[in-house]
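The structure file coords-v7.cif is reproduced below (mmCIF, C-alpha atoms).
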```
data_upload
loop_
_atom_site.label_atom_id
_atom_site.label_comp_id
_atom_site.auth_asym_id
_atom_site.auth_seq_id
_atom_site.Cartn_x
_atom_site.Cartn_y
_atom_site.Cartn_z
CA MET W 239 -6.81 -106.68 -28.63
CA PRO W 240 -4.17 -104.68 -26.67
CA LEU W 241 -2.05 -102.14 -28.56
CA ASP W 242 1.56 -103.00 -29.14
CA ARG W 243 4.32 -100.78 -27.83
CA LYS W 244 5.00 -99.11 -31.18
CA THR W 245 1.39 -98.20 -31.74
CA LEU W 246 1.19 -96.76 -28.18
CA SER W 247 4.28 -94.63 -28.76
CA ILE W 248 2.83 -93.24 -31.96
CA ALA W 249 -0.43 -92.40 -30.18
CA LEU W 250 1.35 -90.60 -27.32
CA ALA W 251 3.44 -88.64 -29.79
CA ALA W 252 0.32 -87.55 -31.63
CA VAL W 253 -1.26 -86.41 -28.38
CA ALA W 254 1.86 -84.39 -27.56
CA VAL W 255 1.84 -82.75 -30.97
CA LEU W 256 -1.82 -81.87 -30.59
CA ALA W 257 -1.17 -80.40 -27.12
CA VAL W 258 1.72 -78.26 -28.37
CA GLY W 259 -0.37 -77.14 -31.32
CA ALA W 260 -3.24 -76.20 -29.04
CA TRP W 261 -0.92 -74.20 -26.81
CA ALA W 262 0.63 -72.45 -29.79
CA TRP W 263 -2.77 -71.67 -31.27
CA GLN W 264 -3.98 -70.34 -27.95
CA HIS W 265 -0.85 -68.24 -27.48
CA PHE W 266 -0.56 -66.75 -30.96
CA THR W 267 -4.26 -66.17 -31.47
CA GLY W 268 -4.36 -64.15 -28.28
CA THR W 269 -6.83 -66.22 -26.26
CA THR W 270 -4.64 -65.56 -23.16
CA ALA W 271 -5.14 -61.82 -23.66
CA LEU W 272 -7.74 -59.84 -21.73
CA PRO W 273 -11.34 -60.03 -22.89
CA GLU W 274 -12.81 -57.40 -25.19
CA GLY W 275 -13.43 -54.22 -23.25
CA LEU W 276 -10.07 -54.24 -21.48
CA ILE W 277 -6.72 -53.10 -22.85
CA GLN W 278 -3.44 -53.86 -21.13
CA ALA W 279 -0.32 -51.75 -21.45
CA ASN W 280 2.83 -51.01 -19.54
CA GLY W 281 5.30 -48.21 -19.05
CA ARG W 282 6.95 -46.16 -16.32
CA ILE W 283 5.49 -43.89 -13.68
CA GLU W 284 6.26 -40.26 -14.33
CA GLY W 285 5.27 -36.90 -12.90
CA ASP W 286 4.96 -33.25 -13.84
CA HIS W 287 8.41 -31.74 -13.32
CA THR W 288 9.10 -28.32 -11.83
CA THR W 289 12.47 -26.67 -12.30
CA VAL W 290 13.66 -24.39 -9.52
CA ALA W 291 16.03 -21.76 -10.89
CA SER W 292 17.81 -18.74 -9.50
CA LYS W 293 16.33 -15.35 -10.40
CA LEU W 294 19.64 -13.59 -9.71
CA PRO W 295 23.28 -14.46 -10.36
CA GLY W 296 25.42 -15.34 -7.38
CA ARG W 297 27.31 -17.94 -5.44
CA ILE W 298 25.43 -20.73 -3.67
CA ALA W 299 26.00 -20.27 0.05
CA GLU W 300 23.93 -23.18 1.35
CA MET W 301 22.01 -26.17 -0.02
CA LYS W 302 19.18 -27.24 2.25
CA VAL W 303 17.93 -30.46 0.58
CA ARG W 304 19.25 -33.49 -1.22
CA GLU W 305 17.93 -35.75 -3.95
CA GLY W 306 15.03 -37.83 -2.74
CA ASP W 307 13.98 -35.36 -0.02
CA SER W 308 10.30 -34.52 0.22
CA VAL W 309 9.58 -30.79 0.29
CA GLN W 310 6.56 -28.61 0.96
CA ALA W 311 5.43 -25.61 -1.05
CA GLY W 312 7.40 -22.54 0.04
CA GLN W 313 10.15 -24.56 1.74
CA LEU W 314 13.66 -23.10 1.52
CA LEU W 315 15.79 -25.25 -0.79
CA ALA W 316 18.96 -23.19 -1.19
CA ARG W 317 20.38 -19.76 -0.42
CA LEU W 318 22.75 -17.53 -2.40
CA GLU W 319 25.26 -15.14 -0.83
CA ASP W 320 23.72 -11.76 0.03
CA THR W 321 26.68 -9.69 1.28
CA GLN W 322 26.36 -6.81 -1.19
CA LEU W 323 22.58 -6.68 -1.03
CA ALA W 324 22.68 -6.73 2.76
CA ALA W 325 24.78 -3.54 2.72
CA ARG W 326 22.31 -1.91 0.33
CA LYS W 327 19.48 -2.96 2.61
CA GLN W 328 21.14 -1.27 5.58
CA GLN W 329 21.52 1.96 3.60
CA ALA W 330 17.92 1.82 2.43
CA ASP W 331 16.66 1.18 5.96
CA ALA W 332 18.75 4.11 7.26
CA ALA W 333 17.27 6.39 4.61
CA VAL W 334 13.76 5.31 5.61
CA ALA W 335 14.52 5.99 9.28
CA THR W 336 15.90 9.47 8.49
CA VAL W 337 12.93 10.55 6.41
CA GLN W 338 10.55 9.07 8.96
CA ALA W 339 12.16 11.12 11.74
CA GLN W 340 11.88 14.30 9.65
CA LEU W 341 8.26 13.54 8.91
CA ASP W 342 7.46 12.91 12.56
CA ALA W 343 9.10 16.23 13.57
CA ALA W 344 7.19 18.12 10.88
CA ARG W 345 3.91 16.57 11.98
CA ALA W 346 4.62 17.54 15.59
CA GLN W 347 5.36 21.14 14.53
CA LEU W 348 2.19 21.24 12.49
CA ALA W 349 0.14 20.04 15.45
CA VAL W 350 1.62 22.82 17.59
CA ALA W 351 0.96 25.40 14.88
CA ARG W 352 -2.62 24.30 14.48
CA ARG W 353 -3.15 24.86 18.20
CA GLU W 354 -1.26 28.16 18.42
CA VAL W 355 -2.65 29.92 15.33
CA PRO W 356 -6.28 30.07 16.52
CA LEU W 357 -5.13 31.32 19.92
CA ALA W 358 -2.96 33.98 18.33
CA GLU W 359 -5.80 35.07 16.06
CA ALA W 360 -8.19 35.31 18.99
CA SER W 361 -5.71 37.31 21.06
CA ALA W 362 -4.91 39.64 18.16
CA GLY W 363 -8.59 40.09 17.49
CA ALA W 364 -9.23 41.06 21.10
CA LEU W 365 -6.36 43.56 21.08
CA LEU W 366 -7.62 45.02 17.82
CA ALA W 367 -11.10 45.52 19.23
CA LYS W 368 -9.64 47.21 22.32
CA ALA W 369 -7.34 49.40 20.20
CA ARG W 370 -10.21 50.48 17.98
CA ALA W 371 -12.30 51.43 20.97
CA ALA W 372 -9.40 53.36 22.52
CA GLU W 373 -8.65 55.16 19.24
CA ALA W 374 -12.27 56.08 18.76
CA GLN W 375 -12.50 57.45 22.31
CA ALA W 376 -9.21 59.36 21.95
CA ALA W 377 -10.41 60.91 18.69
CA LYS W 378 -13.65 61.98 20.34
CA ASP W 379 -11.80 63.47 23.30
CA ALA W 380 -9.38 65.35 21.04
CA ARG W 381 -12.24 66.94 19.07
CA ARG W 382 -14.09 67.89 22.23
CA PHE W 383 -11.05 69.52 23.82
CA ASP W 384 -10.25 71.36 20.62
CA GLU W 385 -13.76 72.86 20.73
CA LEU W 386 -13.38 73.75 24.41
CA ALA W 387 -10.00 75.33 23.79
CA ALA W 388 -11.43 77.38 20.90
CA ARG W 389 -14.10 78.78 23.26
CA GLY W 390 -11.48 79.39 25.91
CA THR W 391 -13.01 76.96 28.36
CA VAL W 392 -9.83 74.89 28.77
CA GLU W 393 -6.21 75.64 28.30
CA THR W 394 -4.67 75.12 24.88
CA ARG W 395 -2.09 72.84 26.47
CA ARG W 396 -4.85 70.47 27.60
CA ALA W 397 -6.23 70.23 24.05
CA GLU W 398 -2.75 69.44 22.75
CA GLN W 399 -2.45 66.59 25.28
CA MET W 400 -5.69 65.11 23.99
CA ARG W 401 -4.45 65.28 20.42
CA LEU W 402 -1.21 63.53 21.44
CA ALA W 403 -3.28 60.85 23.20
CA HIS W 404 -5.27 60.34 20.03
CA THR W 405 -2.06 60.02 18.02
CA ALA W 406 -0.79 57.34 20.43
CA ALA W 407 -4.12 55.49 20.29
CA ALA W 408 -4.00 55.54 16.48
CA ALA W 409 -0.48 54.07 16.59
CA ASP W 410 -1.69 51.31 18.94
CA LEU W 411 -4.52 50.60 16.52
CA ARG W 412 -2.15 50.21 13.60
CA GLN W 413 0.02 47.89 15.67
CA ALA W 414 -3.02 45.80 16.62
CA GLU W 415 -4.04 45.59 12.96
CA GLN W 416 -0.53 44.37 12.10
CA SER W 417 -0.79 41.77 14.85
CA VAL W 418 -4.03 40.50 13.33
CA SER W 419 -2.36 40.27 9.93
CA SER W 420 0.55 38.41 11.46
CA ALA W 421 -1.84 36.03 13.18
CA HIS W 422 -3.54 35.37 9.86
CA LEU W 423 -0.15 34.66 8.32
CA GLY W 424 0.06 31.76 10.72
CA ASN W 425 -2.49 29.99 8.54
CA ASP W 426 -0.16 30.39 5.59
CA LYS W 427 2.61 28.87 7.68
CA VAL W 428 0.32 25.97 8.55
CA LYS W 429 -0.38 25.38 4.87
CA ALA W 430 3.33 25.59 4.09
CA ARG W 431 4.02 23.04 6.82
CA GLU W 432 1.32 20.80 5.39
CA ASN W 433 3.01 21.03 1.99
CA ASP W 434 6.33 20.12 3.60
CA ILE W 435 4.72 17.12 5.25
CA ALA W 436 3.23 16.01 1.93
CA ALA W 437 6.68 16.23 0.33
CA LEU W 438 8.27 14.30 3.20
CA ALA W 439 5.54 11.65 3.00
CA ALA W 440 6.25 11.23 -0.71
CA GLY W 441 9.94 10.96 0.05
CA LEU W 442 9.20 8.36 2.71
CA ARG W 443 7.17 6.28 0.29
CA GLN W 444 9.99 6.45 -2.21
CA ALA W 445 12.54 5.41 0.41
CA GLN W 446 10.29 2.57 1.57
CA ALA W 447 9.87 1.42 -2.02
CA ALA W 448 13.64 1.36 -2.45
CA ALA W 449 14.02 -0.63 0.77
CA SER W 450 11.27 -3.04 -0.31
CA GLU W 451 12.97 -3.53 -3.66
CA VAL W 452 16.24 -4.45 -1.99
CA ALA W 453 14.39 -6.73 0.42
CA GLY W 454 12.74 -8.41 -2.56
CA LEU W 455 16.12 -8.95 -4.18
CA ILE W 456 17.44 -10.49 -0.97
CA ASP W 457 14.40 -12.75 -0.81
CA ASP W 458 15.03 -13.78 -4.43
CA LEU W 459 18.37 -15.14 -3.26
CA ASN W 460 16.38 -17.73 -1.30
CA LEU W 461 15.31 -20.55 -3.61
CA ARG W 462 11.97 -21.94 -2.41
CA ALA W 463 9.86 -24.83 -3.62
CA PRO W 464 6.98 -23.53 -5.76
CA THR W 465 5.02 -26.70 -4.99
CA GLY W 466 5.26 -29.75 -2.80
CA GLY W 467 7.02 -32.81 -4.14
CA VAL W 468 10.26 -34.73 -4.19
CA VAL W 469 13.71 -33.54 -5.23
CA LEU W 470 14.59 -35.67 -8.25
CA ASN W 471 17.83 -33.90 -9.15
CA ARG W 472 20.13 -31.48 -7.35
CA LEU W 473 21.89 -29.85 -10.26
CA ARG W 474 24.32 -27.57 -8.37
CA GLU W 475 26.41 -27.74 -5.19
CA ASN W 476 27.61 -25.39 -2.44
CA GLY W 477 30.05 -22.73 -3.60
CA GLU W 478 29.10 -22.87 -7.27
CA MET W 479 28.46 -19.67 -9.20
CA VAL W 480 25.12 -19.60 -10.98
CA ALA W 481 23.75 -17.21 -13.56
CA ALA W 482 20.22 -15.83 -13.51
CA GLY W 483 17.83 -18.52 -14.65
CA THR W 484 20.21 -21.38 -13.94
CA PRO W 485 18.30 -24.54 -12.90
CA VAL W 486 19.30 -25.73 -9.44
CA PHE W 487 16.67 -28.34 -8.56
CA ASP W 488 14.27 -30.61 -10.42
CA LEU W 489 11.11 -31.38 -8.44
CA VAL W 490 8.19 -33.68 -9.12
CA ASP W 491 4.81 -33.53 -7.39
CA LEU W 492 4.03 -36.97 -5.92
CA ASP W 493 0.34 -36.09 -5.77
CA LYS W 494 0.18 -35.65 -9.56
CA LEU W 495 1.83 -38.77 -10.91
CA TYR W 496 0.83 -40.62 -14.06
CA LEU W 497 1.75 -43.81 -15.87
CA LYS W 498 2.84 -43.24 -19.45
CA VAL W 499 1.96 -46.29 -21.55
CA TYR W 500 1.92 -47.09 -25.25
CA VAL W 501 -1.20 -48.55 -26.85
CA PRO W 502 -0.97 -50.37 -30.23
CA GLU W 503 -2.36 -48.57 -33.24
CA LYS W 504 -5.10 -51.16 -33.75
CA GLN W 505 -6.47 -50.54 -30.22
CA ILE W 506 -6.15 -46.76 -29.92
CA GLY W 507 -9.57 -46.20 -31.49
CA GLN W 508 -11.18 -47.84 -28.47
CA LEU W 509 -9.77 -45.30 -26.06
CA ARG W 510 -11.17 -41.93 -25.06
CA LEU W 511 -10.37 -39.39 -22.39
CA GLY W 512 -11.76 -40.14 -18.96
CA LEU W 513 -11.70 -43.94 -19.23
CA PRO W 514 -10.86 -45.67 -15.93
CA ALA W 515 -7.73 -47.72 -15.48
CA GLN W 516 -6.04 -49.83 -12.86
CA VAL W 517 -2.26 -49.83 -12.41
CA TYR W 518 -0.16 -52.64 -10.93
CA THR W 519 3.47 -52.54 -9.76
CA ASP W 520 5.85 -55.26 -8.62
CA ALA W 521 6.45 -53.33 -5.41
CA PHE W 522 2.82 -53.85 -4.36
CA PRO W 523 1.74 -57.14 -5.91
CA GLY W 524 -1.97 -57.68 -6.15
CA GLN W 525 -2.81 -54.06 -5.34
CA ALA W 526 -4.49 -51.97 -8.04
CA PHE W 527 -4.08 -48.19 -8.06
CA PRO W 528 -7.03 -46.38 -9.73
CA ALA W 529 -6.21 -43.99 -12.56
CA ARG W 530 -7.88 -42.05 -15.38
CA THR W 531 -7.01 -41.56 -19.02
CA ARG W 532 -6.12 -37.86 -19.25
CA TYR W 533 -3.97 -37.73 -22.38
CA ILE W 534 -3.95 -39.56 -25.70
CA ALA W 535 -1.28 -38.68 -28.24
CA SER W 536 -2.51 -37.50 -31.62
CA ARG W 537 0.41 -39.04 -33.50
CA ALA W 538 1.76 -42.57 -33.51
CA GLU W 539 5.39 -43.43 -32.79
CA PHE W 540 7.50 -46.56 -32.89
CA THR W 541 7.24 -48.78 -29.83
CA PRO W 542 9.99 -47.92 -27.30
CA LYS W 543 12.36 -50.81 -26.61
CA GLU W 544 11.49 -51.01 -22.94
CA VAL W 545 7.74 -51.31 -23.61
CA GLN W 546 6.02 -54.67 -24.04
CA THR W 547 3.03 -55.28 -26.28
CA PRO W 548 0.90 -58.43 -26.64
CA ASP W 549 2.11 -58.70 -30.20
CA GLU W 550 5.79 -57.87 -30.64
CA ARG W 551 5.12 -57.33 -34.33
CA VAL W 552 3.37 -54.08 -33.43
CA LYS W 553 5.53 -51.21 -34.61
CA LEU W 554 3.36 -48.12 -34.19
CA THR W 555 1.86 -47.14 -30.84
CA TYR W 556 0.25 -44.10 -29.25
CA ALA W 557 1.42 -42.59 -25.98
CA VAL W 558 -1.29 -42.51 -23.32
CA LYS W 559 -1.06 -40.93 -19.86
CA LEU W 560 -2.99 -42.48 -17.00
CA TYR W 561 -3.15 -40.04 -14.07
CA PHE W 562 -3.51 -41.64 -10.65
CA ASP W 563 -6.58 -40.70 -8.64
CA SER W 564 -4.36 -40.51 -5.56
CA ASN W 565 -1.00 -41.63 -4.24
CA PRO W 566 -1.65 -42.97 -0.72
CA GLU W 567 1.27 -42.28 1.61
CA HIS W 568 3.29 -41.37 -1.50
CA ARG W 569 4.06 -45.03 -2.08
CA LEU W 570 4.35 -44.56 -5.84
CA SER W 571 7.37 -42.73 -7.19
CA PRO W 572 8.65 -41.70 -10.64
CA GLY W 573 10.73 -44.13 -12.65
CA VAL W 574 9.00 -47.28 -11.38
CA PRO W 575 7.80 -49.67 -14.15
CA ALA W 576 4.14 -50.62 -13.96
CA ASP W 577 1.40 -52.45 -15.85
CA ALA W 578 -2.06 -51.04 -16.52
CA VAL W 579 -5.47 -52.22 -17.58
CA ILE W 580 -7.75 -49.70 -19.26
CA ARG W 581 -11.47 -50.46 -19.38
CA TRP W 582 -13.45 -49.13 -22.33
CA LYS W 583 -16.58 -51.24 -21.69
CA ASP W 584 -18.21 -50.62 -18.32
CA GLU W 585 -19.90 -54.03 -18.13
CA VAL W 586 -16.62 -55.97 -18.38
CA PRO W 587 -15.22 -56.91 -14.96
CA TRP W 588 -11.68 -55.88 -14.05
CA GLN W 589 -8.86 -58.35 -14.56
CA ALA W 590 -5.16 -58.19 -13.86
CA PRO W 591 -2.83 -57.77 -16.85
CA ARG W 592 -1.48 -60.92 -18.55
CA TRP W 593 1.91 -60.92 -20.18
#
```

As structure tokens, how would this structure be written, given the file I've shared?
Amino acid sequence: MPLDRKTLSIALAAVAVLAVGAWAWQHFTGTTALPEGLIQANGRIEGDHTTVASKLPGRIAEMKVREGDSVQAGQLLARLEDTQLAARKQQADAAVATVQAQLDAARAQLAVARREVPLAEASAGALLAKARAAEAQAAKDARRFDELAARGTVETRRAEQMRLAHTAAAADLRQAEQSVSSAHLGNDKVKARENDIAALAAGLRQAQAAASEVAGLIDDLNLRAPTGGVVLNRLRENGEMVAAGTPVFDLVDLDKLYLKVYVPEKQIGQLRLGLPAQVYTDAFPGQAFPARTRYIASRAEFTPKEVQTPDERVKLTYAVKLYFDSNPEHRLSPGVPADAVIRWKDEVPWQAPRW
């Protein structure tokens, strides 16, 4: 017997109620969530920040980069005025040049002395040997003529001449001995010159150190990137005065990005360091970026307002950092929201997050 219209309406209404109930049961019991072994979470991409600050006080003369610019390690980011230090550098360089010239002259004089002293000693030695021989011969002749004069063989005047010749030869010998002593004194002069050179060399090192110090101060006026990355914030502008230690730039390394997510308290016990994860962003739909769990907070905190959880009743969560294995072509950037799936059971296949 066919159903009447009223009975059919009641039956359709019952079916609708059952369908809504099934959907509600499925939704609130979490059957749309990921299977056991996978945990989904979301957050924002962040990076390790590096602050570039001025070592010295001064006025910014030139800013080389803007926010959003990619920079390489060692790249010049900004330069402070160096007028006063440049003048000090000129004075220090002039002092180095002066001492260097004095040192070069002293070394040249020492080289000449080292060549001349041996020659002078050899010449004085030869003269001394000749003078000794002449004095010895003159003494012998004087004695012989004295004996001859005493026997009356030669005139007394001739013996006196021989004695005078001996006296002259003795004087020449003393002069030759003095020449040898003077030649030996040349060695003392060489040593004194060597001492002067050592003192000048020490003075040169001191002057060079002073010049290097000023050069280092001038180099400190150039603010360079300590690492590669992107300029997130340019905190100062041209012409501003900055004190020592004043932050000027905020950099982030695009090769060391991570997604900071918040995992509910009831799921945190399933996580451990090193677990793999896959990150998804709206900018690259369907593409998963591999990551690793490198940080798990030791204390719980209330769920941030911008973070979603499968159960909005969750109040306490733990911060977890998922570091990307790589950032191909630097497509990922800080501040971008993203979803993640963390796998804590290896046998469970990957699935995209469901919200």

One-decimal distance in Å that lies between atom CA of W:Ala324 and atom CA of W:Thr289: 27.0 Å

Expressed in Å, the length from atom CA of W:Val452 to atom CA of W:Thr336 is 17.4 Å

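Nearest-residue note for W:Gln416: choosing from W:Ala362, W:Ala445, W:Val486, W:Ala333, the minimum distance belongs to W:Ala362, counting all atoms listed in the file.
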
Test item: the PyMOL selection byres ((chain W and resi 558) around 6) resolved as a list in words: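 Taken on the displayed file, the PyMOL selection byres ((chain W and resi 558) around 6) yields the residues Lys498, Val499, Tyr500, Tyr533, Ile534, Ala557 and Lys559 of chain W.
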
Output check: residues returned by the PyMOL selection byres ((chain W and resi 483) around 8), as number ranges by chain: W: 291-294, 481-482, 484-485

Taking C-alpha atoms for each residue, export the selection above as a short mmCIF file (atom, residue, chain, number, x, y, z; two decimals), in the frame of the given file.
```
data_model
loop_
_atom_site.label_atom_id
_atom_site.label_comp_id
_atom_site.auth_asym_id
_atom_site.auth_seq_id
_atom_site.Cartn_x
_atom_site.Cartn_y
_atom_site.Cartn_z
CA ALA W 291 16.03 -21.76 -10.89
CA SER W 292 17.81 -18.74 -9.50
CA LYS W 293 16.33 -15.35 -10.40
CA LEU W 294 19.64 -13.59 -9.71
CA ALA W 481 23.75 -17.21 -13.56
CA ALA W 482 20.22 -15.83 -13.51
CA THR W 484 20.21 -21.38 -13.94
CA PRO W 485 18.30 -24.54 -12.90
#
```

Neighbouring residues of stretch 517-527 of chain W were defined as those with any atom within 10 Å, considering all atoms listed in the file; residues of the same chain fewer than 2 positions away were excluded. Please report them as a compact mmCIF listing (two decimals) with C-alpha atoms, keeping the file's coordinate frame.
```
# COMPACT_ATOMS: atom_id res chain seq x y z
CA GLN W 278 -3.44 -53.86 -21.13
CA ALA W 279 -0.32 -51.75 -21.45
CA ASN W 280 2.83 -51.01 -19.54
CA ARG W 282 6.95 -46.16 -16.32
CA ILE W 283 5.49 -43.89 -13.68
CA TYR W 496 0.83 -40.62 -14.06
CA LEU W 497 1.75 -43.81 -15.87
CA ALA W 515 -7.73 -47.72 -15.48
CA ALA W 529 -6.21 -43.99 -12.56
CA LEU W 560 -2.99 -42.48 -17.00
CA TYR W 561 -3.15 -40.04 -14.07
CA PHE W 562 -3.51 -41.64 -10.65
CA ASP W 563 -6.58 -40.70 -8.64
CA SER W 564 -4.36 -40.51 -5.56
CA ASN W 565 -1.00 -41.63 -4.24
CA PRO W 566 -1.65 -42.97 -0.72
CA ARG W 569 4.06 -45.03 -2.08
CA LEU W 570 4.35 -44.56 -5.84
CA VAL W 574 9.00 -47.28 -11.38
CA PRO W 575 7.80 -49.67 -14.15
CA ALA W 576 4.14 -50.62 -13.96
CA ASP W 577 1.40 -52.45 -15.85
CA ALA W 578 -2.06 -51.04 -16.52
CA VAL W 579 -5.47 -52.22 -17.58
CA ILE W 580 -7.75 -49.70 -19.26
CA ALA W 590 -5.16 -58.19 -13.86
CA PRO W 591 -2.83 -57.77 -16.85
```

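Distances to W:Asn433 were evaluated for W:Ala406, W:Ala344, W:Ala374, W:Leu509 using all atoms listed in the file, and the minimum falls at W:Ala344.
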
Report as a PyMOL selection string all protein, DNA and RNA residues lying within 8 Å of W:Val468, evaluated on only C-alpha atoms, omitting residues in the same chain fewer than 3 positions from it. chain W and resi 305-309+489-492

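Between atom CA of W:Ala351 and atom CA of W:Lys429 there is a distance of 10.1 Å.
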
Pick the closest to W:Ala449 from W:Gln589, W:Gln329, W:Ser571, W:Gln340: which is it, counting only C-alpha atoms?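 Counting only C-alpha atoms, the residue closest to W:Ala449 is W:Gln329.
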